[in-house]
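K.L.:
What follows is run_2.cif; its format and atoms are mmCIF, C-alpha atoms.
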```cif
data_structure
#
loop_
_atom_site.label_atom_id
_atom_site.label_comp_id
_atom_site.auth_asym_id
_atom_site.auth_seq_id
_atom_site.Cartn_x
_atom_site.Cartn_y
_atom_site.Cartn_z
CA MET A 5 16.62 -5.42 -6.16
CA SER A 6 17.26 -1.93 -4.90
CA ARG A 7 16.63 -2.66 -1.24
CA SER A 8 16.59 -5.83 0.84
CA LEU A 9 17.20 -9.11 -0.93
CA SER A 10 15.27 -10.98 1.77
CA VAL A 11 11.85 -11.28 0.14
CA THR A 12 12.33 -15.05 0.07
CA ALA A 13 13.13 -15.26 3.79
CA LYS A 14 10.71 -17.14 6.01
CA PRO A 15 7.97 -14.96 7.56
CA GLU A 16 8.93 -16.02 11.10
CA HIS A 17 12.25 -14.23 10.63
CA TYR A 18 10.32 -10.98 10.75
CA THR A 19 8.00 -11.69 13.68
CA LEU A 20 9.58 -9.11 15.97
CA LEU A 21 9.83 -6.51 13.21
CA ILE A 22 6.18 -6.93 12.23
CA SER A 23 5.23 -6.71 15.93
CA ILE A 24 7.10 -3.41 16.27
CA LEU A 25 5.45 -2.02 13.13
CA ALA A 26 2.04 -3.15 14.37
CA ALA A 27 2.61 -1.57 17.79
CA GLU A 28 3.57 1.75 16.20
CA ALA A 29 0.57 1.58 13.84
CA PHE A 30 -1.66 1.03 16.88
CA LEU A 31 -0.16 4.02 18.70
CA VAL A 32 -0.38 6.34 15.67
CA LEU A 33 -4.08 5.65 15.24
CA PHE A 34 -4.73 5.61 18.99
CA GLN A 35 -3.49 9.16 19.50
CA ALA A 36 -5.03 10.31 16.21
CA TYR A 37 -8.52 9.03 17.08
CA LEU A 38 -8.25 10.02 20.72
CA VAL A 39 -9.03 13.63 19.81
CA ALA A 40 -12.32 13.63 17.84
CA PRO A 41 -14.61 12.13 20.52
CA LEU A 42 -12.98 14.41 23.11
CA ILE A 43 -13.95 17.60 21.25
CA PRO A 44 -16.91 18.35 23.59
CA ALA A 45 -14.73 17.70 26.66
CA LEU A 46 -11.82 19.72 25.27
CA SER A 47 -14.22 22.57 24.56
CA GLU A 48 -15.13 22.69 28.25
CA SER A 49 -11.58 22.12 29.51
CA LEU A 50 -10.03 24.85 27.36
CA ASN A 51 -13.06 27.14 27.49
CA ALA A 52 -13.28 27.29 23.69
CA PRO A 53 -16.15 26.86 21.20
CA VAL A 54 -16.68 23.46 19.57
CA SER A 55 -16.16 25.05 16.14
CA ALA A 56 -12.60 26.05 17.12
CA LEU A 57 -11.82 22.54 18.40
CA GLY A 58 -13.08 21.11 15.10
CA LEU A 59 -9.89 22.49 13.54
CA LEU A 60 -7.90 19.89 15.47
CA ILE A 61 -8.85 17.23 12.90
CA PRO A 62 -7.56 18.94 9.71
CA ALA A 63 -4.65 20.39 11.74
CA TYR A 64 -3.42 16.81 12.13
CA THR A 65 -4.60 15.07 8.97
CA ILE A 66 -3.46 17.61 6.38
CA PRO A 67 0.18 17.87 7.61
CA TYR A 68 0.15 14.09 7.99
CA GLY A 69 -0.93 13.62 4.39
CA LEU A 70 1.49 16.17 2.93
CA SER A 71 4.46 14.87 4.93
CA THR A 72 4.08 11.40 3.45
CA LEU A 73 5.21 12.84 0.12
CA ILE A 74 8.58 13.45 1.75
CA TYR A 75 9.00 10.27 3.76
CA GLY A 76 8.00 7.81 1.04
CA PRO A 77 10.52 8.88 -1.63
CA LEU A 78 13.14 9.50 1.07
CA SER A 79 12.74 5.91 2.28
CA ASP A 80 13.25 4.74 -1.31
CA ARG A 81 16.55 6.62 -1.31
CA VAL A 82 18.06 6.07 2.15
CA GLY A 83 16.19 2.99 3.34
CA ARG A 84 13.16 2.30 5.51
CA LYS A 85 15.00 1.82 8.83
CA PRO A 86 16.43 5.32 9.47
CA ILE A 87 13.14 6.96 8.50
CA LEU A 88 11.06 4.69 10.72
CA LEU A 89 13.35 4.95 13.73
CA ALA A 90 13.43 8.75 13.53
CA LEU A 91 9.64 8.93 13.21
CA PHE A 92 9.11 6.52 16.11
CA GLY A 93 11.03 8.95 18.32
CA LEU A 94 9.18 12.02 17.02
CA GLN A 95 5.84 10.27 17.51
CA ALA A 96 6.64 9.75 21.19
CA LEU A 97 7.85 13.35 21.63
CA SER A 98 4.81 14.93 20.00
CA CYS A 99 2.47 12.85 22.14
CA LEU A 100 4.31 13.81 25.34
CA LEU A 101 4.06 17.52 24.48
CA ILE A 102 0.26 17.57 24.21
CA PRO A 103 -0.36 17.50 28.01
CA LEU A 104 1.60 20.77 28.26
CA CYS A 105 -0.92 22.66 26.10
CA SER A 106 -3.03 25.26 27.91
CA SER A 107 -4.83 26.81 24.93
CA VAL A 108 -6.51 25.79 21.69
CA THR A 109 -3.78 27.55 19.71
CA ALA A 110 -1.04 25.55 21.42
CA LEU A 111 -2.97 22.32 21.00
CA ILE A 112 -3.48 22.96 17.28
CA ALA A 113 0.24 23.74 16.90
CA ILE A 114 1.24 20.47 18.57
CA ARG A 115 -1.29 18.56 16.45
CA ILE A 116 0.33 20.01 13.33
CA MET A 117 3.71 18.83 14.65
CA SER A 118 2.22 15.44 15.47
CA GLY A 119 0.86 15.09 11.94
CA LEU A 120 4.28 15.88 10.51
CA ALA A 121 5.94 13.50 12.97
CA THR A 122 3.73 10.48 12.31
CA GLY A 123 3.01 10.94 8.60
CA GLY A 124 5.57 8.41 7.40
CA ILE A 125 5.18 5.61 9.93
CA ILE A 126 2.36 3.65 8.32
CA PRO A 127 3.13 4.24 4.61
CA VAL A 128 6.82 3.42 5.09
CA SER A 129 5.81 0.34 7.12
CA VAL A 130 3.53 -0.76 4.27
CA SER A 131 6.40 -0.20 1.83
CA LEU A 132 8.67 -2.29 4.04
CA ILE A 133 6.15 -5.14 4.02
CA GLY A 134 6.09 -4.79 0.24
CA ASP A 135 9.88 -5.15 0.22
CA ILE A 136 9.82 -8.30 2.33
CA PHE A 137 6.84 -10.28 1.06
CA PRO A 138 5.66 -11.06 -2.50
CA TYR A 139 2.36 -9.53 -3.63
CA GLN A 140 0.43 -12.79 -3.23
CA LYS A 141 1.36 -12.98 0.47
CA ARG A 142 1.21 -9.32 1.50
CA GLY A 143 -2.49 -9.28 2.31
CA LYS A 144 -2.02 -11.18 5.57
CA TYR A 145 0.68 -8.86 6.89
CA ILE A 146 -0.94 -5.67 5.66
CA GLY A 147 -4.14 -6.99 7.23
CA LEU A 148 -2.24 -7.51 10.49
CA LEU A 149 -0.90 -3.96 10.30
CA PHE A 150 -4.35 -2.54 9.62
CA GLY A 151 -5.79 -4.75 12.34
CA ALA A 152 -3.43 -3.03 14.77
CA MET A 153 -4.53 0.31 13.35
CA ALA A 154 -8.15 -0.72 13.87
CA GLY A 155 -7.31 -1.54 17.46
CA GLY A 156 -5.78 1.91 17.87
CA ILE A 157 -8.90 3.47 16.38
CA SER A 158 -11.18 1.45 18.64
CA PHE A 159 -9.35 2.11 21.89
CA GLY A 160 -8.52 5.71 21.00
CA ALA A 161 -12.10 6.50 20.07
CA SER A 162 -13.84 4.64 22.88
CA MET A 163 -11.53 4.16 25.84
CA GLY A 164 -10.02 7.62 25.45
CA ILE A 165 -13.26 9.41 26.16
CA PHE A 166 -14.41 6.69 28.60
CA PHE A 167 -11.41 7.28 30.88
CA ASN A 168 -11.37 11.06 30.45
CA PRO A 169 -13.47 11.67 33.61
CA ILE A 170 -11.13 9.35 35.55
CA LEU A 171 -7.67 10.18 34.18
CA GLY A 172 -8.14 13.45 32.33
CA TRP A 173 -7.13 13.93 28.72
CA ARG A 174 -3.67 15.21 29.64
CA ASN A 175 -2.78 12.02 31.51
CA GLU A 176 -4.14 9.92 28.66
CA PHE A 177 -1.76 11.52 26.21
CA MET A 178 1.07 11.22 28.74
CA ILE A 179 0.45 7.47 29.04
CA ALA A 180 0.27 7.09 25.25
CA GLY A 181 3.51 9.05 24.89
CA THR A 182 5.29 6.94 27.49
CA ILE A 183 4.26 3.71 25.74
CA SER A 184 5.37 5.19 22.41
CA LEU A 185 8.76 5.99 23.95
CA ALA A 186 9.06 2.39 25.16
CA VAL A 187 8.32 1.00 21.68
CA PHE A 188 10.88 3.40 20.21
CA ILE A 189 13.53 2.11 22.63
CA VAL A 190 12.68 -1.52 21.75
CA ALA A 191 13.00 -0.67 18.03
CA LEU A 192 16.40 0.97 18.62
CA ILE A 193 17.71 -2.02 20.56
CA ASN A 194 16.50 -4.42 17.85
CA HIS A 195 17.35 -2.27 14.82
CA HIS A 196 19.17 -5.22 13.25
CA GLN A 197 15.74 -6.80 12.61
CA PHE A 198 15.18 -4.37 9.75
CA PRO A 199 16.17 -5.74 6.31
CA VAL A 200 19.50 -4.59 4.92
CA PHE A 201 19.21 -1.65 2.56
CA LEU A 202 21.36 -1.57 -0.54
CA PRO A 203 22.17 2.06 -1.47
CA LYS A 204 21.10 3.25 -4.87
CA PRO A 205 21.90 6.34 -6.97
CA ARG A 206 20.42 9.63 -5.81
CA ILE A 207 17.14 10.50 -7.51
CA SER A 208 16.53 14.13 -8.39
CA THR A 209 13.41 15.98 -7.28
CA LYS A 210 12.46 16.34 -10.93
CA VAL A 211 12.47 12.56 -11.36
CA ILE A 212 10.42 12.09 -8.18
CA VAL A 213 7.84 14.60 -9.41
CA ARG A 214 7.72 12.89 -12.80
CA ASN A 215 7.29 9.48 -11.17
CA GLY A 216 4.54 10.84 -8.95
CA TYR A 217 2.73 12.36 -11.91
CA HIS A 218 2.94 9.05 -13.75
CA LEU A 219 1.49 7.16 -10.78
CA LEU A 220 -1.38 9.63 -10.41
CA SER A 221 -2.17 9.92 -14.11
CA SER A 222 -2.00 6.27 -15.14
CA GLY A 223 -5.40 4.67 -15.72
CA LYS A 224 -5.35 2.32 -12.75
CA GLY A 225 -3.45 4.74 -10.55
CA SER A 226 -5.81 7.66 -11.06
CA ARG A 227 -8.91 5.61 -10.21
CA LEU A 228 -7.26 3.98 -7.22
CA TYR A 229 -6.00 7.22 -5.68
CA LEU A 230 -9.35 8.92 -6.28
CA TYR A 231 -11.14 6.12 -4.45
CA ILE A 232 -8.69 6.31 -1.56
CA PHE A 233 -9.31 10.06 -1.23
CA LEU A 234 -13.10 9.80 -1.42
CA ASN A 235 -13.31 6.82 0.93
CA GLY A 236 -11.16 8.67 3.45
CA LEU A 237 -13.37 11.73 3.07
CA PHE A 238 -16.45 9.65 3.85
CA HIS A 239 -15.10 7.81 6.90
CA SER A 240 -13.38 10.79 8.48
CA GLY A 241 -16.36 13.06 7.94
CA VAL A 242 -18.66 10.66 9.75
CA PHE A 243 -16.30 9.50 12.48
CA SER A 244 -15.03 12.96 13.44
CA TRP A 245 -18.51 13.91 14.58
CA LEU A 246 -19.76 10.66 16.11
CA GLY A 247 -18.92 11.89 19.61
CA TYR A 248 -20.94 15.03 18.94
CA TYR A 249 -23.74 12.86 17.47
CA PHE A 250 -24.06 10.71 20.59
CA LYS A 251 -23.89 13.73 22.87
CA ILE A 252 -26.55 15.74 21.01
CA ARG A 253 -28.94 12.97 19.98
CA TYR A 254 -28.79 10.77 23.08
CA GLY A 255 -27.43 13.14 25.72
CA LEU A 256 -24.58 10.78 26.59
CA ALA A 257 -21.74 11.85 28.86
CA ASP A 258 -18.10 11.00 28.16
CA GLN A 259 -18.23 7.41 29.39
CA GLY A 260 -21.49 6.72 27.57
CA ILE A 261 -19.98 8.02 24.32
CA GLY A 262 -16.94 5.82 24.89
CA LEU A 263 -19.10 2.72 25.25
CA ALA A 264 -21.15 3.65 22.18
CA LEU A 265 -17.95 3.92 20.11
CA LEU A 266 -16.42 0.74 21.51
CA GLY A 267 -17.33 -1.29 18.43
CA TYR A 268 -15.39 0.98 16.06
CA GLY A 269 -12.21 -0.87 15.21
CA ILE A 270 -13.26 -4.23 16.66
CA PRO A 271 -13.98 -5.82 13.23
CA GLY A 272 -10.50 -4.87 12.05
CA MET A 273 -8.89 -6.35 15.16
CA LEU A 274 -10.78 -9.62 14.78
CA LEU A 275 -11.05 -9.90 11.00
CA GLY A 276 -8.15 -7.87 9.59
CA VAL A 277 -5.95 -10.87 8.80
CA THR A 278 -8.93 -12.90 7.52
CA ILE A 279 -10.01 -10.12 5.17
CA GLY A 280 -6.42 -9.82 3.96
CA LYS A 281 -6.23 -13.56 3.24
CA LEU A 282 -9.55 -13.46 1.37
CA ALA A 283 -8.25 -10.54 -0.68
CA ASP A 284 -5.11 -12.51 -1.56
CA SER A 285 -7.15 -15.56 -2.52
CA HIS A 286 -10.14 -14.07 -4.34
CA GLY A 287 -9.02 -10.60 -5.40
CA ARG A 288 -9.44 -7.24 -3.71
CA GLN A 289 -11.75 -5.93 -6.41
CA LYS A 290 -14.42 -8.49 -5.39
CA ILE A 291 -14.52 -7.28 -1.78
CA LEU A 292 -14.07 -3.51 -2.14
CA PRO A 293 -17.48 -2.53 -3.59
CA TRP A 294 -19.29 -4.38 -0.81
CA GLY A 295 -17.11 -2.70 1.78
CA LEU A 296 -18.03 0.71 0.38
CA MET A 297 -21.73 -0.12 0.44
CA THR A 298 -21.50 -1.60 3.94
CA GLY A 299 -20.19 1.71 5.24
CA ALA A 300 -22.95 3.57 3.40
CA ILE A 301 -25.69 1.39 4.91
CA ALA A 302 -24.26 1.90 8.41
CA VAL A 303 -24.35 5.69 8.07
CA LEU A 304 -27.85 5.62 6.58
CA VAL A 305 -29.00 3.73 9.68
CA LEU A 306 -27.49 6.46 11.88
CA SER A 307 -29.62 9.05 10.09
CA PHE A 308 -32.83 7.51 11.47
CA ASN A 309 -34.29 7.99 14.93
CA ILE A 310 -33.11 4.70 16.43
CA SER A 311 -32.20 3.53 19.90
CA VAL A 312 -28.67 4.10 21.15
CA TRP A 313 -28.03 0.33 21.04
CA TYR A 314 -28.79 0.14 17.32
CA ALA A 315 -26.65 3.23 16.77
CA ALA A 316 -23.72 1.49 18.49
CA ILE A 317 -24.20 -1.54 16.21
CA ALA A 318 -24.24 0.79 13.19
CA VAL A 319 -20.91 2.25 14.33
CA THR A 320 -19.44 -1.28 14.39
CA LEU A 321 -20.82 -1.90 10.89
CA LEU A 322 -19.25 1.37 9.74
CA SER A 323 -15.91 0.12 11.04
CA LEU A 324 -16.34 -3.13 9.10
CA GLY A 325 -16.89 -1.06 5.95
CA TYR A 326 -13.56 0.66 6.55
CA ASP A 327 -11.79 -2.66 7.19
CA MET A 328 -13.13 -4.05 3.90
CA THR A 329 -11.78 -1.10 1.91
CA GLN A 330 -8.75 0.82 3.13
CA PRO A 331 -6.41 -2.12 3.86
CA LEU A 332 -7.27 -3.54 0.44
CA PHE A 333 -6.53 -0.21 -1.23
CA ALA A 334 -3.17 -0.21 0.57
CA GLY A 335 -2.38 -3.66 -0.80
CA MET A 336 -3.23 -2.53 -4.33
CA VAL A 337 -0.97 0.49 -4.04
CA THR A 338 2.10 -1.66 -3.32
CA SER A 339 1.82 -3.05 -6.87
CA VAL A 340 1.24 0.28 -8.64
CA GLY A 341 4.23 1.38 -10.72
CA LYS A 342 7.72 -0.07 -10.41
CA GLU A 343 9.45 -1.56 -7.39
CA GLU A 344 11.84 1.37 -7.06
CA THR A 345 8.89 3.76 -6.69
CA ARG A 346 6.97 1.66 -4.15
CA GLY A 347 7.71 4.09 -1.31
CA LEU A 348 6.48 6.99 -3.42
CA ALA A 349 3.35 5.07 -4.48
CA VAL A 350 2.43 4.25 -0.88
CA ALA A 351 3.28 7.80 0.23
CA LEU A 352 0.91 9.23 -2.38
CA SER A 353 -1.86 6.94 -1.15
CA ALA A 354 -1.33 8.08 2.44
CA CYS A 355 -1.25 11.69 1.28
CA VAL A 356 -4.53 11.54 -0.60
CA LEU A 357 -6.10 9.47 2.20
CA PHE A 358 -5.31 12.01 4.91
CA LEU A 359 -6.19 14.94 2.71
CA GLY A 360 -9.51 13.16 2.35
CA TYR A 361 -9.67 12.83 6.13
CA GLY A 362 -9.20 16.57 6.57
CA ALA A 363 -11.68 17.45 3.83
CA GLY A 364 -14.28 15.03 5.17
CA ALA A 365 -14.22 16.43 8.70
CA TYR A 366 -14.59 19.98 7.35
CA ILE A 367 -17.37 19.16 4.85
CA PHE A 368 -19.39 17.26 7.45
CA GLN A 369 -19.02 20.18 9.85
CA GLN A 370 -20.47 22.50 7.21
CA LEU A 371 -23.36 20.10 6.54
CA LEU A 372 -24.20 20.03 10.25
CA THR A 373 -25.92 23.40 9.80
CA GLN A 374 -28.60 21.40 7.94
CA GLY A 375 -28.95 18.91 10.77
CA LEU A 376 -27.52 15.48 11.63
CA LYS A 377 -30.09 13.58 9.54
CA THR A 378 -29.24 15.52 6.38
CA SER A 379 -25.50 15.17 6.98
CA PHE A 380 -25.62 11.41 7.49
CA SER A 381 -28.03 10.86 4.59
CA ALA A 382 -25.85 12.86 2.18
CA PHE A 383 -22.68 11.01 3.15
CA ALA A 384 -24.45 7.62 2.96
CA ALA A 385 -25.77 8.31 -0.55
CA PHE A 386 -22.33 9.45 -1.66
CA GLU A 387 -20.57 6.30 -0.41
CA PHE A 388 -23.23 3.96 -1.76
CA PHE A 389 -22.81 5.52 -5.20
CA LEU A 390 -19.04 4.97 -4.96
CA GLY A 391 -19.71 1.31 -4.17
CA LEU A 392 -22.00 0.83 -7.14
CA ILE A 393 -19.63 2.30 -9.70
CA ALA A 394 -16.71 0.42 -8.09
CA LEU A 395 -18.29 -2.79 -9.38
CA LYS A 396 -17.26 -1.65 -12.84
CA LEU A 397 -14.34 0.74 -12.31
CA LEU A 398 -12.32 -1.63 -10.11
CA LYS A 399 -13.16 -4.94 -11.80
CA ASN A 400 -9.78 -5.11 -13.59
CA TYR A 401 -7.79 -4.74 -10.36
CA SER A 402 -6.56 -7.70 -8.33
#
```
Take the structure in the file and write it out as structure tokens.
P.N.:
Amino acid sequence: MSRSLSVTAKPEHYTLLISILAAEAFLVLFQAYLVAPLIPALSESLNAPVSALGLLIPAYTIPYGLSTLIYGPLSDRVGRKPILLALFGLQALSCLLIPLCSSVTALIAIRIMSGLATGGIIPVSVSLIGDIFPYQKRGKYIGLLFGAMAGGISFGASMGIFFNPILGWRNEFMIAGTISLAVFIVALINHHQFPVFLPKPRISTKVIVRNGYHLLSSGKGSRLYLYIFLNGLFHSGVFSWLGYYFKIRYGLADQGIGLALLGYGIPGMLLGVTIGKLADSHGRQKILPWGLMTGAIAVLVLSFNISVWYAAIAVTLLSLGYDMTQPLFAGMVTSVGKEETRGLAVALSACVLFLGYGAGAYIFQQLLTQGLKTSFSAFAAFEFFLGLIALKLLKNYS
């Protein structure tokens, strides 16, 4: 093997390491999802139009996605540990700088930096799990990682805006940054927990580009990466504007929006490991289409004139649709291509996912000129169609 030889080690040997990775995954998604529901509040705080604040989403997701193309191959070359430790520190720094912003321009600039700083944490963590555990046992640990991410999404989306009137968004980011700094220090102290990396010959940029092209153009790879992009487009487009949806349709204030979004991420926290085990046992291709259609049904429900309670349930169902798809896609990606290109394969998946996130937020914003009902209906139909054709296109995956 080109990296750690410890894939046969007992899982309990990596309990602390997996806990650190999960904590960082939680924090990355917490600060990422903290922003979207706060757009109306940020608009008032910074005295800027909502349309200008909408740029905060692609300002983070696009640099995040592009930066993964650097971190993934680099981790294949120099090892996972130095990349992860450096990014843990940058994640804390970028979060601590946000409270200092006094204008939309400054906030967008820091969000770009934050996207670049956090872009490698999750894909390199997934690659590390792929190094440690065989394919048949990865689902549980990837599910745990994505469960932590779901928790970050849930608390970032709901509690962030809920506590905004009490703490203020600046203090929220300061608290998140301080916790991130603490996790970084714990990781530094326990750096020996990371598997030993065995150096390998330097790979030229030309070879990396060729490997990337092969991953993207292969039959299974092309379909898988396309689905990751389109699924990310769907979920980001809808989620980025849920805070706006609850404010406009139901007239909710910050704390009301926070409570309405509380269910987003809960299914992943409770069921992430279970879904991962089911995927390992029965095959990811049997679960994915139903996850796509579950998300579509949830968004279709939001397009109707329903009570706020039913809308909150639909948000939870939307989260379940995400938990039944993206973690499973991540597991599939770890087996695409050769072992020595695993970091690149996972990096490409993160890249296309976050490019989808940025595109989805922008496309939904443009559709909003036609009204919320039209926007939700269009996105629901799109995702449901993806689910139907996934029954055939993904049937040969495992």
K.L.:
Could you list, as a list in words, every residue within 6 Å of Ile157 (chain A), counting only C-alpha atoms and ignoring same-chain residues fewer than 2 positions away?
P.N.:
Leu33, Phe34, Tyr37, Ala154, Gly155, Phe159, Gly160, Ala161 and Gly269 of chain A
K.L.:
Those selected residues, please, written with C-alpha atoms and delivered as a compact mmCIF listing (two decimals), in the coordinates of the input.
P.N.:
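After the write, out_25.txt holds the following:
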```
# COMPACT_ATOMS: atom_id res chain seq x y z
CA LEU A 33 -4.08 5.65 15.24
CA PHE A 34 -4.73 5.61 18.99
CA TYR A 37 -8.52 9.03 17.08
CA ALA A 154 -8.15 -0.72 13.87
CA GLY A 155 -7.31 -1.54 17.46
CA PHE A 159 -9.35 2.11 21.89
CA GLY A 160 -8.52 5.71 21.00
CA ALA A 161 -12.10 6.50 20.07
CA GLY A 269 -12.21 -0.87 15.21
```
K.L.:
Any chance you could tabulate, as a Markdown table, the residues of region 228-264 of chain A at most 6 Å from region 164-179 of chain A with each one's nearest atom pair and distance in Å to one decimal, using all atoms listed in the file, in chain and rising number order?
P.N.:
```
| residue | atom | partner | partner_atom | distance |
| --- | --- | --- | --- | --- |
| A:Asp258 | CA | A:Ile165 | CA | 5.5 |
| A:Gln259 | CA | A:Phe166 | CA | 4.0 |
| A:Gly262 | CA | A:Phe166 | CA | 4.6 |
```
K.L.:
Please identify all polymer residues within 12 Å of Thr298 (chain A), counting all atoms listed in the file, omitting same-chain residues fewer than 2 positions from it, and present them as a ChimeraX atom specification.
P.N.:
/A:239,291-296,300-305,318-329,384-385,387-392
K.L.:
Which residue out of A:Leu185, A:Ala315, A:Ala113, A:Ile232 has the minimum interatomic distance to Leu220 (chain A) when only C-alpha atoms are used?
P.N.:
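The closest residue to Leu220 (chain A) is A:Ile232.
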K.L.:
For Arg115 (chain A), which residue out of A:Val82, A:Leu89, A:Leu100, A:Leu397 is the nearest one, using only C-alpha atoms?
P.N.:
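Distance minimum relative to Arg115 (chain A) lands on A:Leu100.
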